[in-house]
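Please read the structure below before turning to the comments.
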Amino acid sequence: MKESDLYPPIKAHLTRAGWAVKGEVGAADVVARRDDDILVVELKLGFSLALFHQGIDRLALTDLVYLAVPAGGKAKALKANVKLARRLGLGVLTVRARDGFVEVLAEPGPYAPRKSRKKQARLIRAFERLDGDPNAGGATRHGLVTGYRQDALKCARFLAVHGPSKGSVVKDWTEVPQATRIMADDHYGWFKRVSKGIYALTDAGQAGIADWGDV
């Protein structure tokens, strides 16, 4: 599609809704008028920072501003761009190439996102699990340190000192409630089960302690 291919379907869509539509008026790609209301549409072949900037600029003219792009592309990216447009108070239209079908994915206007208690609780758990501030607002020399990594290091250091140990003992001494599960899952290759409920440190675990000694 060419950018100009978006205009006829958009004009037809707005005309059916009772708008008088004209293209390339001033700095705007599409301007529509209905009584005292003004509506603006910016046309592009894909989402970009420049398109969002244009949309924000048009909000100085009217609250009714849409961004219009061809339909299709990656669903995840489209969803993220529609979400951003809503946050900015912009509407979103898509135009299907094969038949010119116009779909309204978002209406312009104020938008207040709903808070996710589940995501908030997950963030608080991650915050509480971290000992200290190992990431200092960014990546360490290893990459980001997680609470899980810190707990695994506590288990590894205990085994390095005490040798093969029962999961419940590691749990009590390290104060890591998930100690047995961490050693059993062995995501880093640091642990091995030597008998039922008994875990030992591997060579990789020894190397891990040395490599992550500053955490």
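Note on naming: chains are A, B, ... as they come in the structure tokens, residues start from 1 per chain, ligands start from 1 in the order shown.
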
Residue list (helix (DSSP H, G or I), DSSP) for stretch 8-91 of chain A, as a ChimeraX atom specification:
/A:8-16,49-58,75-88

Would you mind listing what lies within 8 Å of stretch 155-160 of chain A as a list of chain:residue names, with only C-alpha atoms counted and same-chain residues fewer than 6 positions away left out?
A:Val170, A:Lys171, A:Thr174, A:Val176, A:Ala179, A:Met183, A:Trp190, A:Phe191, A:Ala200, A:Leu201, A:Gly205, A:Gln206, A:Ile209

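Every protein or nucleic acid residue with an atom no more than 12 Å from A:His53, counting only C-alpha atoms and leaving out same-chain residues fewer than 4 positions away, appears here: Glu42, Phe47, Ser48, Leu49, Asp57, Arg58, Leu59, Ala60, Val65, Leu67, Leu84, Ala85, Leu88 and Leu90 of chain A.
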
File of the preceding selection, all heavy atoms, as an mmCIF file, in the first residue's frame:
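Contents of part_13.cif, as written:
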data_model
loop_
_atom_site.group_PDB
_atom_site.id
_atom_site.type_symbol
_atom_site.label_atom_id
_atom_site.label_comp_id
_atom_site.auth_asym_id
_atom_site.auth_seq_id
_atom_site.Cartn_x
_atom_site.Cartn_y
_atom_site.Cartn_z
ATOM 1 N N GLU A 42 -4.091 11.333 10.992
ATOM 2 C CA GLU A 42 -2.746 11.279 10.415
ATOM 3 C C GLU A 42 -2.527 9.892 9.814
ATOM 4 O O GLU A 42 -2.738 8.876 10.483
ATOM 5 C CB GLU A 42 -1.690 11.575 11.477
ATOM 6 C CG GLU A 42 -1.646 13.028 11.906
ATOM 7 C CD GLU A 42 -1.301 13.964 10.760
ATOM 8 O OE1 GLU A 42 -0.554 13.557 9.845
ATOM 9 O OE2 GLU A 42 -1.780 15.119 10.779
ATOM 10 N N PHE A 47 3.415 2.342 12.455
ATOM 11 C CA PHE A 47 3.610 3.139 13.653
ATOM 12 C C PHE A 47 5.074 3.556 13.773
ATOM 13 O O PHE A 47 5.979 2.800 13.430
ATOM 14 C CB PHE A 47 3.207 2.348 14.902
ATOM 15 C CG PHE A 47 1.724 2.192 15.062
ATOM 16 C CD1 PHE A 47 1.099 0.999 14.726
ATOM 17 C CD2 PHE A 47 0.952 3.232 15.551
ATOM 18 C CE1 PHE A 47 -0.270 0.840 14.884
ATOM 19 C CE2 PHE A 47 -0.424 3.088 15.708
ATOM 20 C CZ PHE A 47 -1.029 1.893 15.363
ATOM 21 N N SER A 48 5.285 4.756 14.254
ATOM 22 C CA SER A 48 6.631 5.261 14.494
ATOM 23 C C SER A 48 6.541 6.362 15.537
ATOM 24 O O SER A 48 5.454 6.887 15.825
ATOM 25 C CB SER A 48 7.249 5.820 13.212
ATOM 26 O OG SER A 48 6.550 6.978 12.785
ATOM 27 N N LEU A 49 7.692 6.712 16.092
ATOM 28 C CA LEU A 49 7.712 7.796 17.060
ATOM 29 C C LEU A 49 7.253 9.095 16.402
ATOM 30 O O LEU A 49 6.547 9.902 17.019
ATOM 31 C CB LEU A 49 9.125 7.959 17.622
ATOM 32 C CG LEU A 49 9.303 8.945 18.780
ATOM 33 C CD1 LEU A 49 8.409 8.569 19.956
ATOM 34 C CD2 LEU A 49 10.768 9.000 19.209
ATOM 35 N N ASP A 57 0.873 16.654 18.367
ATOM 36 C CA ASP A 57 0.803 18.034 17.866
ATOM 37 C C ASP A 57 -0.617 18.403 17.444
ATOM 38 O O ASP A 57 -1.078 19.525 17.667
ATOM 39 C CB ASP A 57 1.748 18.211 16.669
ATOM 40 C CG ASP A 57 3.209 18.267 17.085
ATOM 41 O OD1 ASP A 57 3.480 18.483 18.290
ATOM 42 O OD2 ASP A 57 4.079 18.071 16.216
ATOM 43 N N ARG A 58 -1.328 17.453 16.826
ATOM 44 C CA ARG A 58 -2.682 17.744 16.350
ATOM 45 C C ARG A 58 -3.679 17.932 17.491
ATOM 46 O O ARG A 58 -4.749 18.504 17.312
ATOM 47 C CB ARG A 58 -3.172 16.628 15.418
ATOM 48 C CG ARG A 58 -2.301 16.361 14.212
ATOM 49 C CD ARG A 58 -2.109 17.572 13.314
ATOM 50 N NE ARG A 58 -1.163 17.254 12.256
ATOM 51 C CZ ARG A 58 0.105 17.649 12.245
ATOM 52 N NH1 ARG A 58 0.591 18.393 13.244
ATOM 53 N NH2 ARG A 58 0.906 17.299 11.264
ATOM 54 N N LEU A 59 -3.327 17.461 18.679
ATOM 55 C CA LEU A 59 -4.204 17.658 19.836
ATOM 56 C C LEU A 59 -4.325 19.126 20.209
ATOM 57 O O LEU A 59 -5.229 19.502 20.964
ATOM 58 C CB LEU A 59 -3.696 16.854 21.041
ATOM 59 C CG LEU A 59 -3.857 15.332 20.952
ATOM 60 C CD1 LEU A 59 -3.157 14.653 22.123
ATOM 61 C CD2 LEU A 59 -5.328 14.928 20.897
ATOM 62 N N ALA A 60 -3.439 19.952 19.666
ATOM 63 C CA ALA A 60 -3.568 21.395 19.873
ATOM 64 C C ALA A 60 -4.712 21.970 19.036
ATOM 65 O O ALA A 60 -5.178 23.077 19.290
ATOM 66 C CB ALA A 60 -2.260 22.096 19.513
ATOM 67 N N VAL A 65 -8.387 13.187 17.490
ATOM 68 C CA VAL A 65 -7.243 12.897 16.625
ATOM 69 C C VAL A 65 -7.062 11.388 16.527
ATOM 70 O O VAL A 65 -7.001 10.690 17.546
ATOM 71 C CB VAL A 65 -5.961 13.546 17.166
ATOM 72 C CG1 VAL A 65 -4.762 13.203 16.267
ATOM 73 C CG2 VAL A 65 -6.123 15.053 17.276
ATOM 74 N N LEU A 67 -4.805 8.141 14.562
ATOM 75 C CA LEU A 67 -3.679 7.648 13.776
ATOM 76 C C LEU A 67 -4.207 6.508 12.927
ATOM 77 O O LEU A 67 -4.888 5.611 13.440
ATOM 78 C CB LEU A 67 -2.556 7.135 14.685
ATOM 79 C CG LEU A 67 -2.099 8.074 15.813
ATOM 80 C CD1 LEU A 67 -1.001 7.399 16.624
ATOM 81 C CD2 LEU A 67 -1.637 9.408 15.261
ATOM 82 N N LEU A 84 -0.323 2.542 23.715
ATOM 83 C CA LEU A 84 0.373 3.825 23.820
ATOM 84 C C LEU A 84 -0.507 4.965 23.315
ATOM 85 O O LEU A 84 -0.565 6.035 23.933
ATOM 86 C CB LEU A 84 1.678 3.774 23.025
ATOM 87 C CG LEU A 84 2.490 5.072 22.953
ATOM 88 C CD1 LEU A 84 2.833 5.577 24.352
ATOM 89 C CD2 LEU A 84 3.752 4.865 22.137
ATOM 90 N N ALA A 85 -1.194 4.729 22.182
ATOM 91 C CA ALA A 85 -2.077 5.758 21.636
ATOM 92 C C ALA A 85 -3.165 6.125 22.644
ATOM 93 O O ALA A 85 -3.473 7.306 22.852
ATOM 94 C CB ALA A 85 -2.705 5.268 20.332
ATOM 95 N N LEU A 88 -2.002 8.402 25.286
ATOM 96 C CA LEU A 88 -1.788 9.763 24.797
ATOM 97 C C LEU A 88 -3.086 10.471 24.421
ATOM 98 O O LEU A 88 -3.070 11.636 24.022
ATOM 99 C CB LEU A 88 -0.854 9.731 23.577
ATOM 100 C CG LEU A 88 0.559 9.197 23.836
ATOM 101 C CD1 LEU A 88 1.309 9.046 22.529
ATOM 102 C CD2 LEU A 88 1.315 10.116 24.786
ATOM 103 N N LEU A 90 -5.070 9.470 21.925
ATOM 104 C CA LEU A 90 -5.247 9.389 20.474
ATOM 105 C C LEU A 90 -6.081 8.178 20.093
ATOM 106 O O LEU A 90 -6.016 7.129 20.747
ATOM 107 C CB LEU A 90 -3.880 9.289 19.780
ATOM 108 C CG LEU A 90 -2.889 10.424 20.070
ATOM 109 C CD1 LEU A 90 -1.520 10.072 19.518
ATOM 110 C CD2 LEU A 90 -3.389 11.732 19.476
#

Could you work out how far atom CA of A:Tyr66 lies from atom CA of A:Leu39, giving the answer in Å with one decimal?
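If I compute the distance from atom CA of A:Leu39 to atom CA of A:Tyr66, I get 8.0 Å.
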
Please report, as CSV, each residue of stretch 51-136 of chain A lying at most 10 Å from stretch 2-10 of chain A, together with the nearest pair of atoms and the separation in Å rounded to one decimal; use only C-alpha atoms, and order rows by chain and ascending residue number.
residue,atom,partner,partner_atom,distance
A:Ala68,CA,A:Leu6,CA,7.8
A:Val69,CA,A:Leu6,CA,7.5
A:Pro70,CA,A:Leu6,CA,7.4
A:Leu93,CA,A:Ile10,CA,8.5
A:Thr94,CA,A:Leu6,CA,8.9
A:Val95,CA,A:Leu6,CA,6.6
A:Arg96,CA,A:Leu6,CA,9.0
A:Ala97,CA,A:Asp5,CA,8.5
A:Asp99,CA,A:Pro9,CA,8.8
A:Gly100,CA,A:Pro9,CA,5.3
A:Phe101,CA,A:Pro9,CA,7.0
A:Val102,CA,A:Pro9,CA,6.7
A:Glu103,CA,A:Ile10,CA,9.8

Please produce a file of the residues just selected, as a tab-separated table (two decimals), in the first residue's frame, where the atoms kept are C-alpha atoms.
chain	number	residue	atom	x	y	z
A	68	ALA	CA	-4.43	5.48	10.72
A	69	VAL	CA	-2.20	2.62	9.50
A	70	PRO	CA	-2.67	-0.47	7.30
A	93	LEU	CA	-7.82	3.25	12.80
A	94	THR	CA	-6.60	0.40	10.60
A	95	VAL	CA	-7.33	-0.04	6.91
A	96	ARG	CA	-7.49	-3.52	5.36
A	97	ALA	CA	-5.70	-3.54	2.01
A	99	ASP	CA	-11.21	-4.28	0.62
A	100	GLY	CA	-10.58	-0.98	2.40
A	101	PHE	CA	-12.36	-2.06	5.58
A	102	VAL	CA	-11.72	0.46	8.35
A	103	GLU	CA	-11.60	-0.80	11.93

DSSP strand (DSSP E) residues within stretch 56-138 of chain A, listed as an MDAnalysis selection string
chainID A and resid 64:70 91:95 102:106

Please determine, counting only C-alpha atoms, which residue among A:Lys11, A:Arg86, A:Arg125, A:Lys196 has the shortest atom-to-atom distance to A:Pro164.
A:Lys196

Quick one, how far is atom CA of A:Ile198 from atom CA of A:Val169?
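Separation of atom CA of A:Ile198 and atom CA of A:Val169: 9.6 Å.
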
Identify, on the basis of only C-alpha atoms, every residue whose closest approach to A:Asp29 does not exceed 8 Å; exclude the query and any residue fewer than 2 positions from it along the same chain; express the result as JSON, numbers by chain.
{"A": [23, 24, 25, 27, 31, 40, 41, 42, 43]}

Near A:Arg181, counting only C-alpha atoms, which residues have an atom at most 10 Å away, once you skip same-chain residues fewer than 4 positions from it, shown as a list of chain:residue names?
A:Gly167, A:Lys171, A:Pro177, A:Asp185, A:Asp186

Could you write out the selected residues, including N, CA and C atoms, as an mmCIF file, in the first residue's frame?
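Output contents, as saved in again30.cif:
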data_model
loop_
_atom_site.group_PDB
_atom_site.id
_atom_site.type_symbol
_atom_site.label_atom_id
_atom_site.label_comp_id
_atom_site.auth_asym_id
_atom_site.auth_seq_id
_atom_site.Cartn_x
_atom_site.Cartn_y
_atom_site.Cartn_z
ATOM 1 N N GLY A 167 17.778 -30.898 52.384
ATOM 2 C CA GLY A 167 17.129 -29.668 51.968
ATOM 3 C C GLY A 167 16.557 -28.880 53.124
ATOM 4 N N LYS A 171 17.457 -25.080 54.218
ATOM 5 C CA LYS A 171 16.364 -24.112 54.363
ATOM 6 C C LYS A 171 16.456 -23.365 55.695
ATOM 7 N N PRO A 177 13.148 -20.116 52.241
ATOM 8 C CA PRO A 177 12.011 -21.048 52.306
ATOM 9 C C PRO A 177 11.961 -22.017 51.123
ATOM 10 N N ASP A 185 15.238 -28.061 41.334
ATOM 11 C CA ASP A 185 15.052 -27.560 39.971
ATOM 12 C C ASP A 185 16.385 -27.325 39.269
ATOM 13 N N ASP A 186 17.382 -26.877 40.024
ATOM 14 C CA ASP A 186 18.753 -26.727 39.526
ATOM 15 C C ASP A 186 18.828 -25.977 38.195
#

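Interatomic distance, atom CA of A:Ala32 to atom CA of A:Ala12: 11.3 Å.
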